[in-house]
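Chemist: I am sharing model.pdb, which consists of PDB, C-alpha atoms:
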ATOM      1  CA  MET A   1       0.000   0.000   0.000
ATOM      2  CA  ALA A   2       1.233   3.495  -0.849
ATOM      3  CA  SER A   3       2.488   5.825   1.862
ATOM      4  CA  ILE A   4       1.405   9.475   1.506
ATOM      5  CA  LYS A   5       3.029  11.996   3.835
ATOM      6  CA  PRO A   6       3.269  15.810   4.107
ATOM      7  CA  HIS A   7       6.432  17.182   2.506
ATOM      8  CA  LYS A   8       7.319  20.891   2.619
ATOM      9  CA  GLY A   9       3.733  22.033   2.263
ATOM     10  CA  LYS A  10       2.993  19.368  -0.339
ATOM     11  CA  TRP A  11       2.324  15.615  -0.388
ATOM     12  CA  ARG A  12       4.931  12.978  -1.187
ATOM     13  CA  VAL A  13       3.866   9.507  -2.308
ATOM     14  CA  PHE A  14       6.050   6.461  -1.613
ATOM     15  CA  ILE A  15       5.229   3.194  -3.394
ATOM     16  CA  PHE A  16       7.012  -0.097  -2.876
ATOM     17  CA  LYS A  17       5.179  -2.996  -4.446
ATOM     18  CA  ALA A  18       6.359  -6.207  -6.170
ATOM     19  CA  GLY A  19       9.940  -4.990  -6.046
ATOM     20  CA  VAL A  20       9.059  -1.652  -7.695
ATOM     21  CA  ARG A  21       9.910   1.622  -5.926
ATOM     22  CA  LYS A  22       8.334   4.902  -7.022
ATOM     23  CA  THR A  23       7.922   8.312  -5.441
ATOM     24  CA  LYS A  24       6.378  11.597  -6.528
ATOM     25  CA  VAL A  25       5.350  14.933  -4.936
ATOM     26  CA  PHE A  26       1.928  16.574  -5.461
ATOM     27  CA  ASP A  27       0.419  19.924  -4.464
ATOM     28  CA  ILE A  28      -2.944  18.334  -3.599
ATOM     29  CA  LYS A  29      -3.441  15.170  -1.552
ATOM     30  CA  SER A  30      -6.313  13.963  -3.770
ATOM     31  CA  LYS A  31      -3.977  13.961  -6.784
ATOM     32  CA  ALA A  32      -1.402  12.035  -4.789
ATOM     33  CA  VAL A  33      -4.008   9.419  -3.856
ATOM     34  CA  SER A  34      -5.244   9.151  -7.449
ATOM     35  CA  TRP A  35      -1.705   8.700  -8.810
ATOM     36  CA  ALA A  36      -0.860   6.097  -6.160
ATOM     37  CA  LEU A  37      -3.958   4.039  -6.966
ATOM     38  CA  LYS A  38      -3.194   4.146 -10.700
ATOM     39  CA  ILE A  39       0.444   3.091 -10.276
ATOM     40  CA  GLU A  40      -0.382   0.279  -7.856
ATOM     41  CA  ALA A  41      -3.079  -1.026 -10.193
ATOM     42  CA  ASP A  42      -0.616  -0.937 -13.069
ATOM     43  CA  ILE A  43       1.969  -2.850 -11.046
ATOM     44  CA  GLU A  44      -0.604  -5.508 -10.154
ATOM     45  CA  GLU A  45      -1.656  -5.865 -13.789
ATOM     46  CA  THR A  46       1.744  -5.889 -15.458
ATOM     47  CA  GLY A  47       4.153  -6.944 -12.738
ATOM     48  CA  HIS A  48       5.974  -3.618 -12.861
ATOM     49  CA  GLY A  49       5.376   0.094 -13.040
ATOM     50  CA  ALA A  50       3.963   2.308 -15.748
ATOM     51  CA  ILE A  51       5.851   2.469 -19.042
ATOM     52  CA  PRO A  52       7.971   5.654 -19.126
ATOM     53  CA  ASN A  53       7.218   8.412 -21.611
ATOM     54  CA  LYS A  54      10.212   7.595 -23.781
ATOM     55  CA  THR A  55      10.806   6.581 -27.391
ATOM     56  CA  PHE A  56      12.347   3.398 -28.719
ATOM     57  CA  GLY A  57      15.293   5.531 -29.815
ATOM     58  CA  GLU A  58      15.876   6.550 -26.192
ATOM     59  CA  LEU A  59      15.719   2.886 -25.179
ATOM     60  CA  LEU A  60      18.386   2.064 -27.760
ATOM     61  CA  GLN A  61      20.543   4.962 -26.596
ATOM     62  CA  ARG A  62      20.483   3.694 -23.012
ATOM     63  CA  TYR A  63      21.395   0.220 -24.269
ATOM     64  CA  ALA A  64      24.309   1.690 -26.257
ATOM     65  CA  GLU A  65      25.570   3.527 -23.175
ATOM     66  CA  ASP A  66      24.912   0.944 -20.442
ATOM     67  CA  VAL A  67      25.112  -2.478 -22.099
ATOM     68  CA  SER A  68      27.098  -2.358 -25.340
ATOM     69  CA  PRO A  69      30.411  -1.119 -23.827
ATOM     70  CA  ALA A  70      30.835  -4.421 -21.959
ATOM     71  CA  LYS A  71      30.616  -6.436 -25.185
ATOM     72  CA  ARG A  72      33.378  -7.440 -27.559
ATOM     73  CA  GLY A  73      31.321  -6.087 -30.471
ATOM     74  CA  ALA A  74      30.619  -2.761 -28.751
ATOM     75  CA  LYS A  75      31.760  -0.632 -31.691
ATOM     76  CA  TRP A  76      29.545  -2.544 -34.101
ATOM     77  CA  GLU A  77      26.522  -2.305 -31.792
ATOM     78  CA  VAL A  78      26.865   1.427 -31.229
ATOM     79  CA  THR A  79      27.248   2.044 -34.970
ATOM     80  CA  ARG A  80      24.206  -0.094 -35.739
ATOM     81  CA  ILE A  81      22.122   1.569 -33.035
ATOM     82  CA  ARG A  82      23.058   4.969 -34.421
ATOM     83  CA  ALA A  83      21.727   3.882 -37.809
ATOM     84  CA  VAL A  84      18.492   2.406 -36.410
ATOM     85  CA  LYS A  85      17.798   5.660 -34.599
ATOM     86  CA  LEU A  86      17.369   7.272 -38.028
ATOM     87  CA  ASP A  87      14.535   4.855 -38.854
ATOM     88  CA  PRO A  88      10.882   5.772 -38.080
ATOM     89  CA  VAL A  89      10.684   2.993 -35.478
ATOM     90  CA  ALA A  90      13.009   5.006 -33.232
ATOM     91  CA  ALA A  91      10.426   7.801 -32.875
ATOM     92  CA  VAL A  92       7.664   5.501 -31.580
ATOM     93  CA  LYS A  93       6.735   5.974 -27.927
ATOM     94  CA  LEU A  94       7.291   2.913 -25.758
ATOM     95  CA  GLN A  95       3.629   2.979 -24.626
ATOM     96  CA  GLU A  96       2.626   2.503 -28.277
ATOM     97  CA  LEU A  97       5.446   0.230 -29.445
ATOM     98  CA  ASP A  98       4.017  -2.994 -30.866
ATOM     99  CA  ALA A  99       4.622  -5.809 -33.332
ATOM    100  CA  PRO A 100       3.466  -3.881 -36.449
ATOM    101  CA  HIS A 101       6.201  -1.273 -35.898
ATOM    102  CA  PHE A 102       8.905  -3.941 -36.082
ATOM    103  CA  ALA A 103       7.238  -5.725 -38.982
ATOM    104  CA  ALA A 104       7.354  -2.441 -40.908
ATOM    105  CA  TRP A 105      11.004  -1.916 -39.881
ATOM    106  CA  ARG A 106      11.865  -5.428 -41.076
ATOM    107  CA  ASP A 107      10.205  -4.867 -44.456
ATOM    108  CA  ARG A 108      11.954  -1.516 -44.950
ATOM    109  CA  ARG A 109      15.355  -3.005 -44.168
ATOM    110  CA  LEU A 110      14.885  -6.020 -46.452
ATOM    111  CA  LYS A 111      14.492  -3.620 -49.382
ATOM    112  CA  VAL A 112      17.994  -2.218 -48.916
ATOM    113  CA  VAL A 113      20.111  -4.892 -47.180
ATOM    114  CA  THR A 114      20.392  -8.679 -47.147
ATOM    115  CA  ALA A 115      18.383 -10.941 -44.863
ATOM    116  CA  GLY A 116      21.603 -11.817 -43.057
ATOM    117  CA  THR A 117      22.156  -8.161 -42.147
ATOM    118  CA  VAL A 118      18.555  -7.807 -40.968
ATOM    119  CA  LEU A 119      18.934 -10.901 -38.776
ATOM    120  CA  ARG A 120      22.043  -9.493 -37.108
ATOM    121  CA  GLU A 121      20.253  -6.199 -36.476
ATOM    122  CA  TRP A 122      17.200  -8.126 -35.286
ATOM    123  CA  ASN A 123      19.204  -9.916 -32.611
ATOM    124  CA  LEU A 124      20.562  -6.592 -31.362
ATOM    125  CA  LEU A 125      17.145  -4.890 -31.181
ATOM    126  CA  SER A 126      15.530  -7.915 -29.548
ATOM    127  CA  SER A 127      18.308  -8.020 -26.946
ATOM    128  CA  ALA A 128      17.666  -4.340 -26.186
ATOM    129  CA  CYS A 129      13.934  -5.013 -25.816
ATOM    130  CA  ASN A 130      14.576  -7.925 -23.451
ATOM    131  CA  LYS A 131      16.863  -5.759 -21.319
ATOM    132  CA  ALA A 132      14.192  -3.053 -21.162
ATOM    133  CA  LEU A 133      11.575  -5.665 -20.263
ATOM    134  CA  ASP A 134      13.435  -7.678 -17.642
ATOM    135  CA  GLU A 135      15.651  -5.123 -15.894
ATOM    136  CA  TRP A 136      14.520  -1.593 -16.683
ATOM    137  CA  HIS A 137      10.745  -2.240 -16.689
ATOM    138  CA  TRP A 138      10.380   0.010 -19.727
ATOM    139  CA  LEU A 139       8.287  -2.543 -21.644
ATOM    140  CA  ARG A 140       5.519  -4.975 -20.731
ATOM    141  CA  ILE A 141       6.427  -7.460 -23.459
ATOM    142  CA  ASN A 142       9.078  -7.794 -26.125
ATOM    143  CA  PRO A 143       7.015  -6.795 -29.189
ATOM    144  CA  MET A 144       9.552  -8.430 -31.500
ATOM    145  CA  SER A 145       8.584 -11.847 -30.109
ATOM    146  CA  ARG A 146       5.334 -11.573 -32.073
ATOM    147  CA  VAL A 147       6.949 -10.691 -35.410
ATOM    148  CA  LYS A 148       8.179 -13.231 -37.964
ATOM    149  CA  ARG A 149      11.935 -13.205 -38.415
ATOM    150  CA  PRO A 150      13.384 -13.174 -41.925
ATOM    151  CA  ALA A 151      14.309 -16.626 -43.195
ATOM    152  CA  GLU A 152      17.687 -17.863 -41.982
ATOM    153  CA  VAL A 153      20.448 -17.350 -44.515
ATOM    154  CA  ALA A 154      22.170 -20.449 -45.852
ATOM    155  CA  PRO A 155      25.743 -20.741 -44.516
ATOM    156  CA  ARG A 156      28.493 -19.587 -46.844
ATOM    157  CA  ASP A 157      30.358 -22.341 -48.661
ATOM    158  CA  ARG A 158      33.103 -20.145 -50.103
ATOM    159  CA  LEU A 159      36.755 -20.946 -49.575
ATOM    160  CA  ILE A 160      39.565 -18.675 -50.743
ATOM    161  CA  THR A 161      41.407 -20.639 -53.402
ATOM    162  CA  ASP A 162      45.183 -21.014 -53.446
ATOM    163  CA  GLU A 163      45.302 -18.921 -56.614
ATOM    164  CA  GLU A 164      43.268 -16.139 -55.002
ATOM    165  CA  ILE A 165      45.532 -16.170 -51.954
ATOM    166  CA  LYS A 166      48.577 -15.770 -54.209
ATOM    167  CA  ARG A 167      46.982 -12.858 -56.069
ATOM    168  CA  LEU A 168      45.903 -11.122 -52.872
ATOM    169  CA  GLN A 169      49.331 -11.582 -51.334
ATOM    170  CA  PHE A 170      51.000 -10.202 -54.467
ATOM    171  CA  VAL A 171      48.848  -7.047 -54.296
ATOM    172  CA  LEU A 172      49.178  -6.584 -50.520
ATOM    173  CA  GLY A 173      52.868  -7.435 -50.317
ATOM    174  CA  ASP A 174      54.626  -8.066 -47.012
ATOM    175  CA  ASP A 175      56.318  -4.755 -46.244
ATOM    176  CA  MET A 176      55.597  -4.248 -42.552
ATOM    177  CA  ALA A 177      56.260  -0.521 -42.939
ATOM    178  CA  THR A 178      52.970  -0.222 -44.865
ATOM    179  CA  ILE A 179      49.366  -0.961 -43.935
ATOM    180  CA  PRO A 180      48.786  -3.244 -46.970
ATOM    181  CA  GLY A 181      51.936  -5.196 -46.092
ATOM    182  CA  ARG A 182      50.792  -5.707 -42.496
ATOM    183  CA  VAL A 183      47.364  -6.772 -43.762
ATOM    184  CA  GLY A 184      49.069  -9.281 -46.056
ATOM    185  CA  VAL A 185      50.937 -10.841 -43.142
ATOM    186  CA  ALA A 186      47.794 -10.729 -40.973
ATOM    187  CA  MET A 187      45.891 -12.572 -43.715
ATOM    188  CA  GLN A 188      48.509 -15.333 -43.822
ATOM    189  CA  PHE A 189      48.469 -15.525 -40.012
ATOM    190  CA  ALA A 190      44.662 -15.858 -40.067
ATOM    191  CA  LEU A 191      44.898 -18.663 -42.619
ATOM    192  CA  GLU A 192      47.241 -20.526 -40.267
ATOM    193  CA  THR A 193      45.448 -19.965 -36.959
ATOM    194  CA  GLY A 194      41.739 -19.481 -37.734
ATOM    195  CA  MET A 195      41.674 -16.465 -35.427
ATOM    196  CA  ARG A 196      38.987 -13.839 -35.933
ATOM    197  CA  LEU A 197      39.863 -10.410 -37.283
ATOM    198  CA  GLY A 198      39.172  -8.733 -33.935
ATOM    199  CA  GLU A 199      41.363 -11.258 -32.160
ATOM    200  CA  ILE A 200      44.211 -10.644 -34.589
ATOM    201  CA  THR A 201      44.046  -6.847 -34.437
ATOM    202  CA  SER A 202      43.965  -6.900 -30.611
ATOM    203  CA  LEU A 203      46.776  -9.463 -30.222
ATOM    204  CA  MET A 204      49.577  -8.142 -27.998
ATOM    205  CA  TRP A 205      53.176  -9.327 -28.055
ATOM    206  CA  GLU A 206      52.976 -10.155 -24.360
ATOM    207  CA  ASP A 207      50.324 -12.759 -25.219
ATOM    208  CA  VAL A 208      52.518 -14.469 -27.836
ATOM    209  CA  LYS A 209      54.436 -17.428 -26.420
ATOM    210  CA  ALA A 210      56.604 -18.267 -29.423
ATOM    211  CA  GLU A 211      58.895 -20.656 -27.578
ATOM    212  CA  GLN A 212      55.901 -22.636 -26.330
ATOM    213  CA  GLN A 213      54.268 -22.313 -29.794
ATOM    214  CA  TYR A 214      50.969 -20.712 -28.810
ATOM    215  CA  CYS A 215      49.348 -17.347 -28.219
ATOM    216  CA  LYS A 216      46.663 -16.266 -25.799
ATOM    217  CA  VAL A 217      43.376 -14.874 -27.061
ATOM    218  CA  LEU A 218      41.920 -12.568 -24.422
ATOM    219  CA  LYS A 219      38.253 -12.012 -23.750
ATOM    220  CA  GLY A 220      36.976  -8.468 -24.180
ATOM    221  CA  LYS A 221      37.958  -5.710 -21.762
ATOM    222  CA  THR A 222      38.414  -8.005 -18.781
ATOM    223  CA  GLY A 223      41.769  -9.276 -19.967
ATOM    224  CA  ALA A 224      40.832 -12.830 -18.996
ATOM    225  CA  ALA A 225      42.193 -15.638 -21.157
ATOM    226  CA  LYS A 226      39.570 -16.868 -23.580
ATOM    227  CA  ARG A 227      41.617 -19.661 -25.138
ATOM    228  CA  ASP A 228      45.109 -20.631 -26.221
ATOM    229  CA  VAL A 229      45.757 -20.944 -29.952
ATOM    230  CA  PRO A 230      48.606 -23.239 -31.061
ATOM    231  CA  LEU A 231      51.009 -21.708 -33.564
ATOM    232  CA  SER A 232      52.293 -23.642 -36.544
ATOM    233  CA  ALA A 233      55.867 -23.283 -37.743
ATOM    234  CA  LYS A 234      54.626 -20.995 -40.508
ATOM    235  CA  ALA A 235      52.669 -18.828 -38.053
ATOM    236  CA  ILE A 236      55.771 -18.379 -35.903
ATOM    237  CA  SER A 237      57.820 -17.591 -39.008
ATOM    238  CA  LEU A 238      55.297 -14.894 -39.952
ATOM    239  CA  LEU A 239      55.569 -13.335 -36.490
ATOM    240  CA  LYS A 240      59.338 -13.169 -36.829
ATOM    241  CA  THR A 241      59.000 -11.044 -39.991
ATOM    242  CA  ILE A 242      57.063  -8.307 -38.199
ATOM    243  CA  GLY A 243      60.083  -6.641 -36.642
ATOM    244  CA  THR A 244      58.595  -5.503 -33.325
ATOM    245  CA  ASP A 245      58.248  -7.152 -29.933
ATOM    246  CA  THR A 246      56.082  -4.794 -27.860
ATOM    247  CA  GLY A 247      52.555  -3.438 -28.109
ATOM    248  CA  LEU A 248      50.100  -4.647 -30.719
ATOM    249  CA  VAL A 249      51.533  -7.374 -32.917
ATOM    250  CA  PHE A 250      50.074  -6.180 -36.213
ATOM    251  CA  ALA A 251      49.431  -2.506 -35.341
ATOM    252  CA  LEU A 252      46.204  -2.534 -37.352
ATOM    253  CA  SER A 253      42.567  -1.648 -36.749
ATOM    254  CA  ALA A 254      39.699  -3.701 -38.161
ATOM    255  CA  THR A 255      38.789  -0.715 -40.335
ATOM    256  CA  GLN A 256      42.279  -0.555 -41.832
ATOM    257  CA  VAL A 257      42.201  -4.280 -42.580
ATOM    258  CA  GLY A 258      38.772  -4.052 -44.188
ATOM    259  CA  SER A 259      39.719  -1.097 -46.377
ATOM    260  CA  ALA A 260      43.047  -2.571 -47.528
ATOM    261  CA  PHE A 261      41.486  -5.979 -48.176
ATOM    262  CA  GLN A 262      38.704  -4.483 -50.291
ATOM    263  CA  LYS A 263      41.207  -2.537 -52.406
ATOM    264  CA  ALA A 264      43.379  -5.626 -52.806
ATOM    265  CA  LYS A 265      40.405  -7.697 -53.985
ATOM    266  CA  LYS A 266      39.566  -5.112 -56.626
ATOM    267  CA  LEU A 267      43.131  -4.902 -57.896
ATOM    268  CA  ALA A 268      43.414  -8.706 -57.896
ATOM    269  CA  GLY A 269      40.129  -9.106 -59.761
ATOM    270  CA  ILE A 270      38.559 -11.223 -57.014
ATOM    271  CA  GLU A 271      34.888 -11.202 -56.008
ATOM    272  CA  GLY A 272      32.835 -12.895 -53.313
ATOM    273  CA  VAL A 273      35.631 -13.192 -50.744
ATOM    274  CA  HIS A 274      35.681 -11.723 -47.237
ATOM    275  CA  PHE A 275      38.623 -11.532 -44.840
ATOM    276  CA  HIS A 276      36.533 -13.621 -42.445
ATOM    277  CA  ASP A 277      36.655 -16.483 -44.982
ATOM    278  CA  THR A 278      40.250 -17.052 -43.858
ATOM    279  CA  ARG A 279      38.709 -18.615 -40.750
ATOM    280  CA  ALA A 280      36.858 -21.186 -42.873
ATOM    281  CA  ASN A 281      40.054 -21.948 -44.797
ATOM    282  CA  ALA A 282      41.943 -22.476 -41.544
ATOM    283  CA  ILE A 283      39.248 -24.689 -39.999
ATOM    284  CA  THR A 284      38.998 -26.808 -43.146
ATOM    285  CA  MET A 285      42.780 -27.232 -43.134
ATOM    286  CA  LEU A 286      43.043 -27.919 -39.382
ATOM    287  CA  ALA A 287      40.242 -30.495 -39.542
ATOM    288  CA  LYS A 288      42.602 -32.692 -41.544
ATOM    289  CA  LYS A 289      45.226 -32.558 -38.790
ATOM    290  CA  VAL A 290      43.428 -32.597 -35.422
ATOM    291  CA  GLY A 291      40.388 -34.235 -33.857
ATOM    292  CA  ILE A 292      37.024 -32.490 -33.551
ATOM    293  CA  LEU A 293      37.381 -31.662 -29.830
ATOM    294  CA  ASP A 294      40.861 -30.203 -30.297
ATOM    295  CA  LEU A 295      39.598 -28.234 -33.294
ATOM    296  CA  ALA A 296      36.692 -26.779 -31.302
ATOM    297  CA  ARG A 297      39.111 -25.755 -28.545
ATOM    298  CA  ILE A 298      41.497 -24.084 -31.005
ATOM    299  CA  ILE A 299      38.738 -22.184 -32.785
ATOM    300  CA  GLY A 300      36.805 -21.294 -29.638
ATOM    301  CA  HIS A 301      33.445 -22.945 -30.337
ATOM    302  CA  LYS A 302      31.543 -24.447 -27.418
ATOM    303  CA  ASP A 303      28.867 -25.677 -29.837
ATOM    304  CA  LEU A 304      30.407 -28.278 -32.124
ATOM    305  CA  ALA A 305      27.627 -27.706 -34.649
ATOM    306  CA  MET A 306      29.091 -24.245 -35.308
ATOM    307  CA  LEU A 307      32.137 -25.886 -36.855
ATOM    308  CA  GLN A 308      29.898 -27.104 -39.673
ATOM    309  CA  VAL A 309      29.318 -23.487 -40.669
ATOM    310  CA  TYR A 310      33.049 -22.997 -41.256
ATOM    311  CA  TYR A 311      34.110 -26.465 -42.386
ATOM    312  CA  ARG A 312      33.808 -26.132 -46.166
ATOM    313  CA  GLU A 313      35.591 -29.030 -47.770
ATOM    314  CA  SER A 314      33.680 -30.134 -50.862
ATOM    315  CA  ALA A 315      31.885 -33.466 -51.130
ATOM    316  CA  GLN A 316      34.213 -34.303 -54.004
ATOM    317  CA  ASP A 317      37.301 -33.866 -51.815
ATOM    318  CA  ILE A 318      35.702 -35.835 -48.981
ATOM    319  CA  ALA A 319      34.855 -38.641 -51.409
ATOM    320  CA  LYS A 320      38.532 -39.022 -52.280
ATOM    321  CA  LYS A 321      39.172 -40.055 -48.665
ATOM    322  CA  LEU A 322      36.621 -42.885 -48.808
TER     323      LEU A 322
END
Represent the supplied structure as C-alpha cells.

Modeler:
Amino acid sequence: MASIKPHKGKWRVFIFKAGVRKTKVFDIKSKAVSWALKIEADIEETGHGAIPNKTFGELLQRYAEDVSPAKRGAKWEVTRIRAVKLDPVAAVKLQELDAPHFAAWRDRRLKVVTAGTVLREWNLLSSACNKALDEWHWLRINPMSRVKRPAEVAPRDRLITDEEIKRLQFVLGDDMATIPGRVGVAMQFALETGMRLGEITSLMWEDVKAEQQYCKVLKGKTGAAKRDVPLSAKAISLLKTIGTDTGLVFALSATQVGSAFQKAKKLAGIEGVHFHDTRANAITMLAKKVGILDLARIIGHKDLAMLQVYYRESAQDIAKKL
C-alpha cells in the first residue's frame, strides 16, 4: 500500500510494491491518492510500473551507453544503433510500441540490405527489448517476439582458393612498414590460426608465447584468457617477420584491414571473398590434422555444430578419402 506523507507544504507519495519503488510529490493530496492508486493497479496488472514516456530511440541509446560497452562487439553495436535511430521505429513511444512497428522496420530493411544483415540487427534490437523488459521495466512485453523473423540465410560455402591467396598476397605485399603489407601478413596468419579479425588486431606481443608455440586470445575488456591458440611453424615464421616485440603485434585496426582488403580484392580481380573467410580456410585445413574436440578448442566454439558453418571441404574432396 502506498504511503502518503506531508512534505514541505505538499504531499509525497512512496510506493514499494512487487519490487518496484516509485515516489512523486503533489500539491494536492487527492492527486497524490489518485496517482498512487493508478500506479499500484498498473503494477498488479503488469508486474511492474507504468511504461515511461520515452521513445524506442531513447531505449536504444540507453542500451548503447549501459550495455554495449561491456561487449566485444561494442563498436559494431553502437554504430548499428546509431543507424536504427534514423529509422521511423526510433520515434515511436514505448507505450505505443508494438509488433506492427517492427514488422514495418523489417520490411523496410529487407528492401535495402540482405536478410543476413537484418537478422544481425534483429538480434541486437531484440536483446535491447529484453533488457528493457526484464531489468529496466520500460516494456511490458518484447514486441519483436510476435513478429516473424526473416528466413535464416544459408551458410556460406566459399573458400579462398590457393590462386586467389597468391593474387591477394602479391597485391598486398609483405612490407611491414605499410598498412597493406601488415594486412598481407595478418591474412597469412589468419589462414594458419583461424583467429577472428578482432582477435588478430587486438593481439599483444605479451600474449605471444613463441617458444611454447601458442598465443593467448583474451576475452573483451576483462583481460581474462579466452583460449590458447597453437602456432604452426609458418605462423611463428610470420611473427618473426614483423620486426617488433612490444605493443600490438600487427598494429592494425579492423577498419584498416577491411579497407586494404577491399582494395586488394579489386586490384586482384577477385569477387565474393571476405577476410573472415580465412577462418573457414583455416578450420577446413586444421580439420585434416586434429580431432574435432581439439579443433573446437582451437577455434573457440563451445557448440560443435558451429564448426559445420566454417568447415567447407567439398563433397568431391571428402569422397577421395573414402

Chemist: Identify the residues around (8.4, -14.6, -28.2) within a radius of 12 Å, measuring from all atoms listed in the file in the coordinates stated by the file, and give them as a VMD selection string.

Modeler: chain A and resid 99 126 to 127 129 to 130 141 to 149

Chemist: Generate a file of the selected residues that holds C-alpha atoms, formatted as a PDB file, in the coordinates of the input.

Modeler:
ATOM      1  CA  ALA A  99       4.622  -5.809 -33.332  1.00  0.00           C
ATOM      2  CA  SER A 126      15.530  -7.915 -29.548  1.00  0.00           C
ATOM      3  CA  SER A 127      18.308  -8.020 -26.946  1.00  0.00           C
ATOM      4  CA  CYS A 129      13.934  -5.013 -25.816  1.00  0.00           C
ATOM      5  CA  ASN A 130      14.576  -7.925 -23.451  1.00  0.00           C
ATOM      6  CA  ILE A 141       6.427  -7.460 -23.459  1.00  0.00           C
ATOM      7  CA  ASN A 142       9.078  -7.794 -26.125  1.00  0.00           C
ATOM      8  CA  PRO A 143       7.015  -6.795 -29.189  1.00  0.00           C
ATOM      9  CA  MET A 144       9.552  -8.430 -31.500  1.00  0.00           C
ATOM     10  CA  SER A 145       8.584 -11.847 -30.109  1.00  0.00           C
ATOM     11  CA  ARG A 146       5.334 -11.573 -32.073  1.00  0.00           C
ATOM     12  CA  VAL A 147       6.949 -10.691 -35.410  1.00  0.00           C
ATOM     13  CA  LYS A 148       8.179 -13.231 -37.964  1.00  0.00           C
ATOM     14  CA  ARG A 149      11.935 -13.205 -38.415  1.00  0.00           C
TER      15      ARG A 149
END

Chemist: Which residues, written as a VMD selection string, have at least one atom at most 7 Å from Gly184 in chain A, with only C-alpha atoms counted and residues fewer than 3 positions away on the same chain left out?

Modeler: chain A and resid 169 172 to 174 180 to 181 187 to 188

Chemist: Got time to write the residues from that selection, C-alpha atoms, as a PDB file, in the frame of the given file?

Modeler:
ATOM      1  CA  GLN A 169      49.331 -11.582 -51.334  1.00  0.00           C
ATOM      2  CA  LEU A 172      49.178  -6.584 -50.520  1.00  0.00           C
ATOM      3  CA  GLY A 173      52.868  -7.435 -50.317  1.00  0.00           C
ATOM      4  CA  ASP A 174      54.626  -8.066 -47.012  1.00  0.00           C
ATOM      5  CA  PRO A 180      48.786  -3.244 -46.970  1.00  0.00           C
ATOM      6  CA  GLY A 181      51.936  -5.196 -46.092  1.00  0.00           C
ATOM      7  CA  MET A 187      45.891 -12.572 -43.715  1.00  0.00           C
ATOM      8  CA  GLN A 188      48.509 -15.333 -43.822  1.00  0.00           C
TER       9      GLN A 188
END

Chemist: With all atoms listed in the file counted, which protein, DNA or RNA residues have an atom no more than 12 Å from (7.4, 12.6, 0.5) in the file frame? Please answer as a short mmCIF file (atom, residue, chain, number, x, y, z; two decimals) with C-alpha atoms, keeping the file's coordinate frame.

Modeler:
data_model
loop_
_atom_site.label_atom_id
_atom_site.label_comp_id
_atom_site.auth_asym_id
_atom_site.auth_seq_id
_atom_site.Cartn_x
_atom_site.Cartn_y
_atom_site.Cartn_z
CA ALA A 2 1.23 3.50 -0.85
CA SER A 3 2.49 5.82 1.86
CA ILE A 4 1.40 9.48 1.51
CA LYS A 5 3.03 12.00 3.84
CA PRO A 6 3.27 15.81 4.11
CA HIS A 7 6.43 17.18 2.51
CA LYS A 8 7.32 20.89 2.62
CA GLY A 9 3.73 22.03 2.26
CA LYS A 10 2.99 19.37 -0.34
CA TRP A 11 2.32 15.62 -0.39
CA ARG A 12 4.93 12.98 -1.19
CA VAL A 13 3.87 9.51 -2.31
CA PHE A 14 6.05 6.46 -1.61
CA ILE A 15 5.23 3.19 -3.39
CA LYS A 22 8.33 4.90 -7.02
CA THR A 23 7.92 8.31 -5.44
CA LYS A 24 6.38 11.60 -6.53
CA VAL A 25 5.35 14.93 -4.94
CA PHE A 26 1.93 16.57 -5.46
CA ASP A 27 0.42 19.92 -4.46
CA LYS A 29 -3.44 15.17 -1.55
CA ALA A 32 -1.40 12.04 -4.79
#

Chemist: Do you have the CA of Ala280 in chain A-CA of Leu191 in chain A distance handy?

Modeler: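 Separation between CA of Ala280 in chain A and CA of Leu191 in chain A: 8.4 Å.
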
Chemist: When distances are computed from all atoms listed in the file, which of A:Ala177, A:Val89, A:Lys75, A:Leu133 shows the smallest separation from Thr241 in chain A?

Modeler: A:Ala177

Chemist: Can you turn the PyMOL selection byres ((chain A and resi 205) around 9) into a concrete residue list for this file, as a CSV table (one decimal) with C-alpha atoms, in the coordinates of the input?

Modeler:
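The new file out21.csv reads:
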chain,number,residue,atom,x,y,z
A,203,LEU,CA,46.8,-9.5,-30.2
A,204,MET,CA,49.6,-8.1,-28.0
A,206,GLU,CA,53.0,-10.2,-24.4
A,207,ASP,CA,50.3,-12.8,-25.2
A,208,VAL,CA,52.5,-14.5,-27.8
A,209,LYS,CA,54.4,-17.4,-26.4
A,215,CYS,CA,49.3,-17.3,-28.2
A,244,THR,CA,58.6,-5.5,-33.3
A,245,ASP,CA,58.2,-7.2,-29.9
A,246,THR,CA,56.1,-4.8,-27.9
A,247,GLY,CA,52.6,-3.4,-28.1
A,248,LEU,CA,50.1,-4.6,-30.7
A,249,VAL,CA,51.5,-7.4,-32.9

Chemist: List the residues selected by the PyMOL selection byres ((chain A and resi 270-273) around 12) in the file shown, writing them as an MDAnalysis selection string.

Modeler: chainID A and resid 156:161 163:168 171 258 261:269 274:281

Chemist: Could those residues be written to a file, using C-alpha atoms, as a short mmCIF file (atom, residue, chain, number, x, y, z; two decimals), in the frame of the given file?

Modeler:
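Output (out.cif):
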data_model
loop_
_atom_site.label_atom_id
_atom_site.label_comp_id
_atom_site.auth_asym_id
_atom_site.auth_seq_id
_atom_site.Cartn_x
_atom_site.Cartn_y
_atom_site.Cartn_z
CA ARG A 156 28.49 -19.59 -46.84
CA ASP A 157 30.36 -22.34 -48.66
CA ARG A 158 33.10 -20.14 -50.10
CA LEU A 159 36.76 -20.95 -49.58
CA ILE A 160 39.56 -18.68 -50.74
CA THR A 161 41.41 -20.64 -53.40
CA GLU A 163 45.30 -18.92 -56.61
CA GLU A 164 43.27 -16.14 -55.00
CA ILE A 165 45.53 -16.17 -51.95
CA LYS A 166 48.58 -15.77 -54.21
CA ARG A 167 46.98 -12.86 -56.07
CA LEU A 168 45.90 -11.12 -52.87
CA VAL A 171 48.85 -7.05 -54.30
CA GLY A 258 38.77 -4.05 -44.19
CA PHE A 261 41.49 -5.98 -48.18
CA GLN A 262 38.70 -4.48 -50.29
CA LYS A 263 41.21 -2.54 -52.41
CA ALA A 264 43.38 -5.63 -52.81
CA LYS A 265 40.40 -7.70 -53.98
CA LYS A 266 39.57 -5.11 -56.63
CA LEU A 267 43.13 -4.90 -57.90
CA ALA A 268 43.41 -8.71 -57.90
CA GLY A 269 40.13 -9.11 -59.76
CA HIS A 274 35.68 -11.72 -47.24
CA PHE A 275 38.62 -11.53 -44.84
CA HIS A 276 36.53 -13.62 -42.44
CA ASP A 277 36.66 -16.48 -44.98
CA THR A 278 40.25 -17.05 -43.86
CA ARG A 279 38.71 -18.61 -40.75
CA ALA A 280 36.86 -21.19 -42.87
CA ASN A 281 40.05 -21.95 -44.80
#
